[in-house]
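K.L.:
Structure file target-v9.pdb (PDB, C-alpha atoms) is given on the next line.
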ATOM      1  CA  ARG A   1      10.912  13.134  -2.162
ATOM      2  CA  HIS A   2      13.492  13.758  -4.803
ATOM      3  CA  ASN A   3      14.667  17.289  -5.544
ATOM      4  CA  ASP A   4      16.768  16.773  -8.695
ATOM      5  CA  ALA A   5      15.773  19.057 -11.559
ATOM      6  CA  ARG A   6      13.697  17.205 -14.126
ATOM      7  CA  ARG A   7      11.090  17.736 -16.830
ATOM      8  CA  THR A   8       7.495  17.279 -15.604
ATOM      9  CA  THR A   9       4.853  15.733 -17.837
ATOM     10  CA  ARG A  10       1.344  16.931 -16.995
ATOM     11  CA  VAL A  11      -1.739  14.806 -17.532
ATOM     12  CA  ARG A  12      -5.344  16.060 -17.552
ATOM     13  CA  VAL A  13      -7.974  13.755 -16.094
ATOM     14  CA  ARG A  14     -11.584  14.929 -15.920
ATOM     15  CA  GLY A  15     -10.619  18.524 -15.474
ATOM     16  CA  MET A  16      -7.745  17.835 -13.074
ATOM     17  CA  THR A  17      -4.176  18.552 -14.014
ATOM     18  CA  HIS A  18      -1.419  16.869 -12.062
ATOM     19  CA  PRO A  19       2.017  15.392 -12.641
ATOM     20  CA  PRO A  20       2.084  11.623 -13.050
ATOM     21  CA  HIS A  21       3.403   9.559 -10.193
ATOM     22  CA  THR A  22       4.574   6.019  -9.801
ATOM     23  CA  LEU A  23       2.346   3.779  -7.704
ATOM     24  CA  VAL A  24       3.928   1.527  -5.078
ATOM     25  CA  CYS A  25       1.906  -0.701  -2.750
ATOM     26  CA  VAL A  26       4.013  -1.494  -1.329
ATOM     27  CA  ARG A  27       3.083   1.603   2.392
ATOM     28  CA  MET A  28       1.621  -1.704  -2.037
ATOM     29  CA  ILE A  29       1.917  -1.885  -1.227
ATOM     30  CA  PRO A  30       3.756  -1.459  -1.457
ATOM     31  CA  MET A  31       0.830   0.861  -2.475
ATOM     32  CA  THR A  32       2.218   4.322  -2.916
ATOM     33  CA  THR A  33       2.673   6.863  -5.615
ATOM     34  CA  THR A  34       6.054   8.453  -5.722
ATOM     35  CA  THR A  35       8.169  10.780  -7.745
ATOM     36  CA  PRO A  36      11.412   9.306  -9.125
ATOM     37  CA  ARG A  37      14.058   8.451  -6.559
ATOM     38  CA  THR A  38      17.140   6.316  -6.509
ATOM     39  CA  THR A  39      17.327   5.264  -2.878
ATOM     40  CA  THR A  40      14.958   3.764  -0.347
ATOM     41  CA  THR A  41      14.996   4.815   3.284
ATOM     42  CA  THR A  42      13.859   2.462   6.023
ATOM     43  CA  VAL A  43      11.772   4.217   8.647
ATOM     44  CA  PRO A  44      10.571   1.952  11.510
ATOM     45  CA  ARG A  45       7.045   2.532  12.782
ATOM     46  CA  GLY A  46       6.497   3.043  16.468
ATOM     47  CA  ARG A  47       8.895   2.992  19.395
ATOM     48  CA  GLY A  48      11.184  -0.007  19.170
ATOM     49  CA  TRP A  49       9.216  -1.556  16.281
ATOM     50  CA  ALA A  50      10.754  -4.348  14.242
ATOM     51  CA  PRO A  51       9.202  -6.739  11.691
ATOM     52  CA  PRO A  52       7.220  -9.341  13.648
ATOM     53  CA  SER A  53       9.138 -12.292  12.223
ATOM     54  CA  ARG A  54      12.150 -10.846  14.008
ATOM     55  CA  SER A  55      10.554  -9.527  17.213
ATOM     56  CA  PHE A  56       7.444 -11.578  18.003
ATOM     57  CA  ARG A  57       7.801 -15.319  18.337
ATOM     58  CA  GLY A  58       6.150 -18.204  20.100
ATOM     59  CA  VAL A  59       2.719 -19.815  20.196
ATOM     60  CA  ARG A  60      -0.114 -17.879  21.777
ATOM     61  CA  GLY A  61      -3.546 -19.047  22.859
ATOM     62  CA  VAL A  62      -7.115 -18.401  21.786
ATOM     63  CA  GLY A  63      -7.396 -15.348  24.025
ATOM     64  CA  ALA A  64      -4.435 -13.739  22.281
ATOM     65  CA  ALA A  65      -5.954 -14.434  18.874
ATOM     66  CA  SER A  66      -9.186 -12.788  20.017
ATOM     67  CA  SER A  67      -7.239  -9.761  21.207
ATOM     68  CA  SER A  68      -5.492  -9.598  17.844
ATOM     69  CA  ALA A  69      -8.804  -9.630  15.974
ATOM     70  CA  ALA A  70     -10.198  -6.913  18.254
ATOM     71  CA  ALA A  71      -7.178  -4.716  17.536
ATOM     72  CA  ILE A  72      -7.647  -5.131  13.782
ATOM     73  CA  GLY A  73     -11.290  -4.211  14.283
ATOM     74  CA  LYS A  74     -10.145  -0.891  15.754
ATOM     75  CA  VAL A  75      -7.974  -0.299  12.690
ATOM     76  CA  LEU A  76     -10.866  -0.950  10.296
ATOM     77  CA  ASP A  77     -13.177   1.343  12.294
ATOM     78  CA  ILE A  78     -10.664   4.191  12.021
ATOM     79  CA  ALA A  79     -10.188   3.431   8.325
ATOM     80  CA  ARG A  80     -13.922   3.813   7.687
ATOM     81  CA  ASP A  81     -14.242   6.932   9.843
ATOM     82  CA  THR A  82     -11.355   8.675   8.064
ATOM     83  CA  ASN A  83     -12.128   7.689   4.450
ATOM     84  CA  ARG A  84      -9.215   5.227   4.199
ATOM     85  CA  GLY A  85      -6.892   7.714   5.876
ATOM     86  CA  VAL A  86      -7.693  10.698   3.655
ATOM     87  CA  ASP A  87      -9.231  12.602   6.589
ATOM     88  CA  ALA A  88      -7.000  11.078   9.299
ATOM     89  CA  GLY A  89      -5.247  13.382  11.726
ATOM     90  CA  PRO A  90      -2.076  12.701  13.723
ATOM     91  CA  GLY A  91      -4.116  11.206  16.549
ATOM     92  CA  ASP A  92      -5.940   8.819  14.201
ATOM     93  CA  ARG A  93      -2.688   7.652  12.647
ATOM     94  CA  GLU A  94      -1.125   7.080  16.057
ATOM     95  CA  ARG A  95      -4.128   5.006  17.147
ATOM     96  CA  VAL A  96      -3.831   2.884  14.015
ATOM     97  CA  GLU A  97      -0.132   2.224  14.635
ATOM     98  CA  ARG A  98      -0.776   1.258  18.260
ATOM     99  CA  ALA A  99      -3.601  -1.082  17.244
ATOM    100  CA  VAL A 100      -1.445  -2.702  14.566
ATOM    101  CA  ASP A 101       1.357  -3.225  17.075
ATOM    102  CA  GLU A 102      -1.164  -4.798  19.456
ATOM    103  CA  ALA A 103      -2.546  -7.097  16.749
ATOM    104  CA  VAL A 104       0.905  -8.249  15.674
ATOM    105  CA  ALA A 105       2.112  -8.797  19.245
ATOM    106  CA  SER A 106      -0.880 -10.953  20.169
ATOM    107  CA  ALA A 107      -1.133 -12.878  16.891
ATOM    108  CA  SER A 108      -1.285 -16.650  17.266
ATOM    109  CA  THR A 109       0.329 -19.199  14.961
ATOM    110  CA  THR A 110      -2.808 -19.029  12.810
ATOM    111  CA  THR A 111      -2.654 -15.229  12.461
ATOM    112  CA  ARG A 112       1.047 -14.505  12.160
ATOM    113  CA  ASN A 113       2.452 -12.782   9.115
ATOM    114  CA  ASP A 114       2.948 -14.777   5.931
ATOM    115  CA  ALA A 115       4.401 -13.289   2.748
ATOM    116  CA  ARG A 116       2.919 -16.019   0.543
ATOM    117  CA  ALA A 117      -0.535 -15.498   2.045
ATOM    118  CA  SER A 118      -0.574 -12.087   0.373
ATOM    119  CA  HIS A 119      -1.331 -13.779  -2.987
ATOM    120  CA  GLY A 120      -4.494 -12.424  -4.653
ATOM    121  CA  ARG A 121      -6.400  -9.201  -5.234
ATOM    122  CA  TRP A 122      -6.797  -6.697  -2.406
ATOM    123  CA  ARG A 123      -8.872  -3.548  -1.907
ATOM    124  CA  LEU A 124      -7.217  -0.675  -0.071
ATOM    125  CA  ALA A 125      -8.894   0.039   3.283
ATOM    126  CA  TYR A 126      -6.358   2.424   4.819
ATOM    127  CA  THR A 127      -2.983   3.946   4.024
ATOM    128  CA  THR A 128      -0.570   6.594   5.269
ATOM    129  CA  GLU A 129       1.046   7.084   1.843
ATOM    130  CA  LYS A 130       0.694  10.769   1.006
ATOM    131  CA  GLU A 131       0.644  10.291  -2.756
ATOM    132  CA  THR A 132      -2.061   7.612  -2.654
ATOM    133  CA  LEU A 133      -4.114   9.694  -0.218
ATOM    134  CA  TRP A 134      -3.857  12.625  -2.629
ATOM    135  CA  LEU A 135      -5.319  10.482  -5.414
ATOM    136  CA  LEU A 136      -8.067   9.033  -3.195
ATOM    137  CA  GLY A 137      -9.124  12.546  -2.241
ATOM    138  CA  LYS A 138      -9.784  13.565  -5.847
ATOM    139  CA  GLY A 139     -13.360  12.317  -5.945
ATOM    140  CA  SER A 140     -16.125  10.388  -4.228
ATOM    141  CA  ASP A 141     -15.859   7.407  -6.568
ATOM    142  CA  VAL A 142     -12.172   6.474  -6.316
ATOM    143  CA  ALA A 143     -10.910   3.022  -5.351
ATOM    144  CA  ALA A 144      -7.446   1.518  -5.040
ATOM    145  CA  TYR A 145      -6.481  -2.123  -5.520
ATOM    146  CA  GLN A 146      -3.369  -4.267  -5.279
ATOM    147  CA  THR A 147      -2.981  -7.593  -7.029
ATOM    148  CA  ILE A 148      -0.121  -9.879  -5.974
ATOM    149  CA  ASP A 149       0.869 -13.034  -7.844
ATOM    150  CA  ASN A 150       3.504 -14.835  -5.807
ATOM    151  CA  ASP A 151       3.855 -17.613  -8.380
ATOM    152  CA  ARG A 152       4.735 -15.224 -11.194
ATOM    153  CA  GLY A 153       6.495 -12.730  -8.957
ATOM    154  CA  THR A 154       4.362  -9.724  -9.954
ATOM    155  CA  LEU A 155       2.495  -6.913  -8.252
ATOM    156  CA  VAL A 156      -0.062  -4.553  -9.811
ATOM    157  CA  ASN A 157      -1.301  -1.366  -8.150
ATOM    158  CA  GLU A 158      -4.358   0.412  -9.535
ATOM    159  CA  VAL A 159      -6.201   3.588  -8.629
ATOM    160  CA  ILE A 160      -9.565   3.635 -10.411
ATOM    161  CA  PHE A 161     -11.529   6.859 -10.901
ATOM    162  CA  GLY A 162     -15.188   6.097 -11.560
ATOM    163  CA  GLY A 163     -16.304   2.515 -11.083
ATOM    164  CA  ASP A 164     -19.065   2.463 -13.717
ATOM    165  CA  GLY A 165     -18.898   2.981 -17.447
ATOM    166  CA  ASN A 166     -15.439   3.976 -18.635
ATOM    167  CA  PRO A 167     -13.182   4.589 -15.648
ATOM    168  CA  VAL A 168      -9.821   6.323 -15.638
ATOM    169  CA  ILE A 169      -7.175   3.900 -14.379
ATOM    170  CA  PHE A 170      -3.728   4.699 -13.048
ATOM    171  CA  ARG A 171      -1.697   1.485 -12.977
ATOM    172  CA  VAL A 172       1.808   0.539 -11.936
ATOM    173  CA  ASP A 173       3.367  -2.914 -12.407
ATOM    174  CA  ALA A 174       6.282  -4.318 -10.444
ATOM    175  CA  THR A 175       8.277  -7.501 -10.154
ATOM    176  CA  THR A 176       8.486  -9.081  -6.703
ATOM    177  CA  GLU A 177      10.652 -11.510  -4.797
ATOM    178  CA  ILE A 178       9.817 -13.074  -1.434
ATOM    179  CA  ALA A 179      12.828 -12.459   0.798
ATOM    180  CA  ASP A 180      11.624 -14.338   3.893
ATOM    181  CA  ALA A 181       8.454 -15.213   5.797
ATOM    182  CA  THR A 182       7.575 -11.525   6.148
ATOM    183  CA  ARG A 183       9.347  -9.462   3.534
ATOM    184  CA  VAL A 184       8.622  -8.962  -0.150
ATOM    185  CA  ASN A 185      11.074  -7.017  -2.324
ATOM    186  CA  PHE A 186       9.726  -5.179  -5.366
ATOM    187  CA  LYS A 187      10.959  -3.208  -8.350
ATOM    188  CA  PHE A 188       8.762  -1.177 -10.703
ATOM    189  CA  SER A 189       8.629  -2.363 -14.292
ATOM    190  CA  SER A 190       5.943  -0.226 -15.997
ATOM    191  CA  ALA A 191       3.296   2.413 -15.353
ATOM    192  CA  SER A 192       0.431   3.916 -17.327
ATOM    193  CA  LEU A 193      -2.642   6.121 -17.222
ATOM    194  CA  THR A 194      -5.645   4.846 -19.187
ATOM    195  CA  LEU A 195      -8.217   7.546 -19.945
ATOM    196  CA  ALA A 196     -11.975   7.075 -20.198
ATOM    197  CA  ASN A 197     -11.781   7.022 -24.004
ATOM    198  CA  GLY A 198      -9.363   4.080 -23.874
ATOM    199  CA  TRP A 199      -6.200   6.020 -24.656
ATOM    200  CA  ARG A 200      -3.247   4.666 -22.712
ATOM    201  CA  ILE A 201      -0.428   7.010 -21.700
ATOM    202  CA  PRO A 202       2.771   5.220 -20.651
ATOM    203  CA  ILE A 203       4.697   6.680 -17.721
ATOM    204  CA  PRO A 204       8.310   5.714 -17.001
ATOM    205  CA  PRO A 205       8.413   3.807 -13.687
ATOM    206  CA  VAL A 206      11.184   4.546 -11.212
ATOM    207  CA  GLY A 207      11.817   2.958  -7.841
ATOM    208  CA  ALA A 208      12.235  -0.172  -5.772
ATOM    209  CA  GLY A 209      11.803  -1.157  -2.143
ATOM    210  CA  TRP A 210      10.246  -3.726   0.148
ATOM    211  CA  PHE A 211       7.216  -4.304   2.342
ATOM    212  CA  ASP A 212       6.630  -6.556   5.338
ATOM    213  CA  ASN A 213       3.299  -8.356   5.670
ATOM    214  CA  VAL A 214       3.011  -8.008   9.429
ATOM    215  CA  TYR A 215      -0.527  -9.410   9.669
ATOM    216  CA  VAL A 216      -2.444 -11.613   7.190
ATOM    217  CA  VAL A 217      -5.609 -13.337   8.443
ATOM    218  CA  ASN A 218      -9.307 -13.694   7.606
ATOM    219  CA  GLY A 219      -9.091 -11.545   4.500
ATOM    220  CA  ILE A 220      -7.188  -8.692   6.179
ATOM    221  CA  ARG A 221      -3.595  -7.813   5.325
ATOM    222  CA  VAL A 222      -1.466  -5.175   7.060
ATOM    223  CA  SER A 223       1.873  -4.174   5.553
ATOM    224  CA  ARG A 224       4.641  -1.803   6.593
ATOM    225  CA  ASP A 225       7.171  -0.734   4.012
ATOM    226  CA  SER A 226      10.612   0.704   3.388
ATOM    227  CA  ARG A 227       9.253   4.259   3.336
ATOM    228  CA  GLY A 228       7.766   3.916   6.805
ATOM    229  CA  ASP A 229       4.155   3.750   5.608
ATOM    230  CA  THR A 230       1.365   1.443   6.740
ATOM    231  CA  LEU A 231      -1.104  -0.218   4.367
ATOM    232  CA  VAL A 232      -4.285  -2.076   5.337
ATOM    233  CA  CYS A 233      -6.123  -4.114   2.705
ATOM    234  CA  GLU A 234      -9.201  -6.337   2.523
ATOM    235  CA  ARG A 235      -9.566  -9.177   0.036
ATOM    236  CA  ALA A 236     -11.495  -7.979  -3.002
TER     237      ALA A 236
END
As structure tokens, what does this structure read like?
P.N.:
Amino acid sequence: RHNDARRTTRVRVRGMTHPPHTLVCVRMIPMTTTTPRTTTTTVPRGRGWAPPSRSFRGVRGVGAASSSAAAIGKVLDIARDTNRGVDAGPGDRERVERAVDEAVASASTTTRNDARASHGRWRLAYTTEKETLWLLGKGSDVAAYQTIDNDRGTLVNEVIFGGDGNPVIFRVDATTEIADATRVNFKFSSASLTLANGWRIPIPPVGAGWFDNVYVVNGIRVSRDSRGDTLVCERA
């Protein structure tokens, strides 16, 4: 995403050699890995899409809330069938975006987006972020998490390789600021790769952006970010 000439540091993890990236969570989240860049481009998702706090208003009934939950169910089914998006094709991604739009449009006052409701630890269920998908595809025992502390104004993204014993952990920290009922701004503050033997390799973090929590209810959070990515998380 950034074509300036630069020196590349290579890191070897369990026989894999790859350049380090910076994790965002903000498509962590939000949760994305990215090469250094100095600008953030806003890419709306879907035809005529706008953050729900700006485009969807009003109180809706129980039937609408049920429709919203059914739409999120479709998203989670696709997430499971495509290994969190790793195996998703264009058709799968389009179906996810349509279902998210449907869920947001029919959300009641008890299911509308809420930036502060994002507080806590979340497990990645689905993403469109290419860098995160690349990491998730590197093994059968790879998990991604996002931890948001709205009181302290911090966000932590982690990709964990190997859940038992001594895992390899790629971690990126960021500071956050709640801009409004939907939007959270973030700026990276540190990044590191911790190997199975405990050695910690610091990686210079670069980047900033924002994400909108378009749906937060019953332990499910859907975010859309400044890079045009979609992130679906379940409470860990």
K.L.:
Calculated over all atoms listed in the file, which of the candidates A:Gly73, A:Gly85, A:Gly91, A:Gly228 has the smallest distance to Leu136 of chain A?
P.N.:
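Counting all atoms listed in the file, the residue closest to Leu136 of chain A is A:Gly85.
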K.L.:
Any chance you could resolve the PyMOL selection byres ((chain A and resi 187) around 8) against this file and give the residues as a PDB file with C-alpha atoms, in the frame of the given file?
P.N.:
ATOM      1  CA  ALA A 174       6.282  -4.318 -10.444  1.00  0.00           C
ATOM      2  CA  THR A 175       8.277  -7.501 -10.154  1.00  0.00           C
ATOM      3  CA  THR A 176       8.486  -9.081  -6.703  1.00  0.00           C
ATOM      4  CA  ASN A 185      11.074  -7.017  -2.324  1.00  0.00           C
ATOM      5  CA  PHE A 186       9.726  -5.179  -5.366  1.00  0.00           C
ATOM      6  CA  PHE A 188       8.762  -1.177 -10.703  1.00  0.00           C
ATOM      7  CA  SER A 189       8.629  -2.363 -14.292  1.00  0.00           C
ATOM      8  CA  GLY A 207      11.817   2.958  -7.841  1.00  0.00           C
ATOM      9  CA  ALA A 208      12.235  -0.172  -5.772  1.00  0.00           C
ATOM     10  CA  GLY A 209      11.803  -1.157  -2.143  1.00  0.00           C
TER      11      GLY A 209
END
K.L.:
For the structure provided, state which residues fall under the PyMOL selection byres ((chain A and resi 223) around 6), and present them as an NGL selection string.
P.N.:
:A and (212-214 or 222 or 224 or 230-231)
K.L.:
Provide the atom CA of Ala196 of chain A to atom CA of Asp87 of chain A distance in Å, to one decimal place.
P.N.:
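Pair atom CA of Ala196 of chain A / atom CA of Asp87 of chain A returns 27.5 Å.
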K.L.:
Given the file above and the PyMOL selection byres ((chain A and resi 76-81) around 12), which residues are selected, and can you give them as JSON, numbers by chain?
P.N.:
{"A": [69, 70, 71, 72, 73, 74, 75, 82, 83, 84, 85, 86, 87, 88, 89, 91, 92, 93, 94, 95, 96, 97, 99, 100, 124, 125, 126, 127, 128, 220, 221, 222, 230, 231, 232, 233, 234]}
K.L.:
Only C-alpha atoms, please: the residues just picked out, written as a PDB file, keeping the file's coordinate frame.
P.N.:
ATOM      1  CA  ALA A  69      -8.804  -9.630  15.974  1.00  0.00           C
ATOM      2  CA  ALA A  70     -10.198  -6.913  18.254  1.00  0.00           C
ATOM      3  CA  ALA A  71      -7.178  -4.716  17.536  1.00  0.00           C
ATOM      4  CA  ILE A  72      -7.647  -5.131  13.782  1.00  0.00           C
ATOM      5  CA  GLY A  73     -11.290  -4.211  14.283  1.00  0.00           C
ATOM      6  CA  LYS A  74     -10.145  -0.891  15.754  1.00  0.00           C
ATOM      7  CA  VAL A  75      -7.974  -0.299  12.690  1.00  0.00           C
ATOM      8  CA  THR A  82     -11.355   8.675   8.064  1.00  0.00           C
ATOM      9  CA  ASN A  83     -12.128   7.689   4.450  1.00  0.00           C
ATOM     10  CA  ARG A  84      -9.215   5.227   4.199  1.00  0.00           C
ATOM     11  CA  GLY A  85      -6.892   7.714   5.876  1.00  0.00           C
ATOM     12  CA  VAL A  86      -7.693  10.698   3.655  1.00  0.00           C
ATOM     13  CA  ASP A  87      -9.231  12.602   6.589  1.00  0.00           C
ATOM     14  CA  ALA A  88      -7.000  11.078   9.299  1.00  0.00           C
ATOM     15  CA  GLY A  89      -5.247  13.382  11.726  1.00  0.00           C
ATOM     16  CA  GLY A  91      -4.116  11.206  16.549  1.00  0.00           C
ATOM     17  CA  ASP A  92      -5.940   8.819  14.201  1.00  0.00           C
ATOM     18  CA  ARG A  93      -2.688   7.652  12.647  1.00  0.00           C
ATOM     19  CA  GLU A  94      -1.125   7.080  16.057  1.00  0.00           C
ATOM     20  CA  ARG A  95      -4.128   5.006  17.147  1.00  0.00           C
ATOM     21  CA  VAL A  96      -3.831   2.884  14.015  1.00  0.00           C
ATOM     22  CA  GLU A  97      -0.132   2.224  14.635  1.00  0.00           C
ATOM     23  CA  ALA A  99      -3.601  -1.082  17.244  1.00  0.00           C
ATOM     24  CA  VAL A 100      -1.445  -2.702  14.566  1.00  0.00           C
ATOM     25  CA  LEU A 124      -7.217  -0.675  -0.071  1.00  0.00           C
ATOM     26  CA  ALA A 125      -8.894   0.039   3.283  1.00  0.00           C
ATOM     27  CA  TYR A 126      -6.358   2.424   4.819  1.00  0.00           C
ATOM     28  CA  THR A 127      -2.983   3.946   4.024  1.00  0.00           C
ATOM     29  CA  THR A 128      -0.570   6.594   5.269  1.00  0.00           C
ATOM     30  CA  ILE A 220      -7.188  -8.692   6.179  1.00  0.00           C
ATOM     31  CA  ARG A 221      -3.595  -7.813   5.325  1.00  0.00           C
ATOM     32  CA  VAL A 222      -1.466  -5.175   7.060  1.00  0.00           C
ATOM     33  CA  THR A 230       1.365   1.443   6.740  1.00  0.00           C
ATOM     34  CA  LEU A 231      -1.104  -0.218   4.367  1.00  0.00           C
ATOM     35  CA  VAL A 232      -4.285  -2.076   5.337  1.00  0.00           C
ATOM     36  CA  CYS A 233      -6.123  -4.114   2.705  1.00  0.00           C
ATOM     37  CA  GLU A 234      -9.201  -6.337   2.523  1.00  0.00           C
TER      38      GLU A 234
END
K.L.:
Could you please determine the separation between atom CA of Arg235 of chain A and atom CA of Asn218 of chain A in Å, to one decimal place?
P.N.:
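For atom CA of Arg235 of chain A relative to atom CA of Asn218 of chain A, the distance reads 8.8 Å.
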K.L.:
Quick one: residues within 12 Å of Trp199 of chain A, all atoms listed in the file, excluding same-chain residues fewer than 3 positions away - as a PyMOL selection string?
P.N.:
chain A and resi 13+166-170+192-196+202
K.L.:
Just how far from atom CA of Ala117 of chain A is atom CA of Ile178 of chain A, in Å to one decimal?
P.N.:
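Separating atom CA of Ile178 of chain A from atom CA of Ala117 of chain A is a distance of 11.2 Å.
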K.L.:
Hey, which of A:Val172, A:Gly163, A:Lys130, A:Ala179 ends up closest to Arg116 of chain A? Count all atoms listed in the file.
P.N.:
A:Ala179
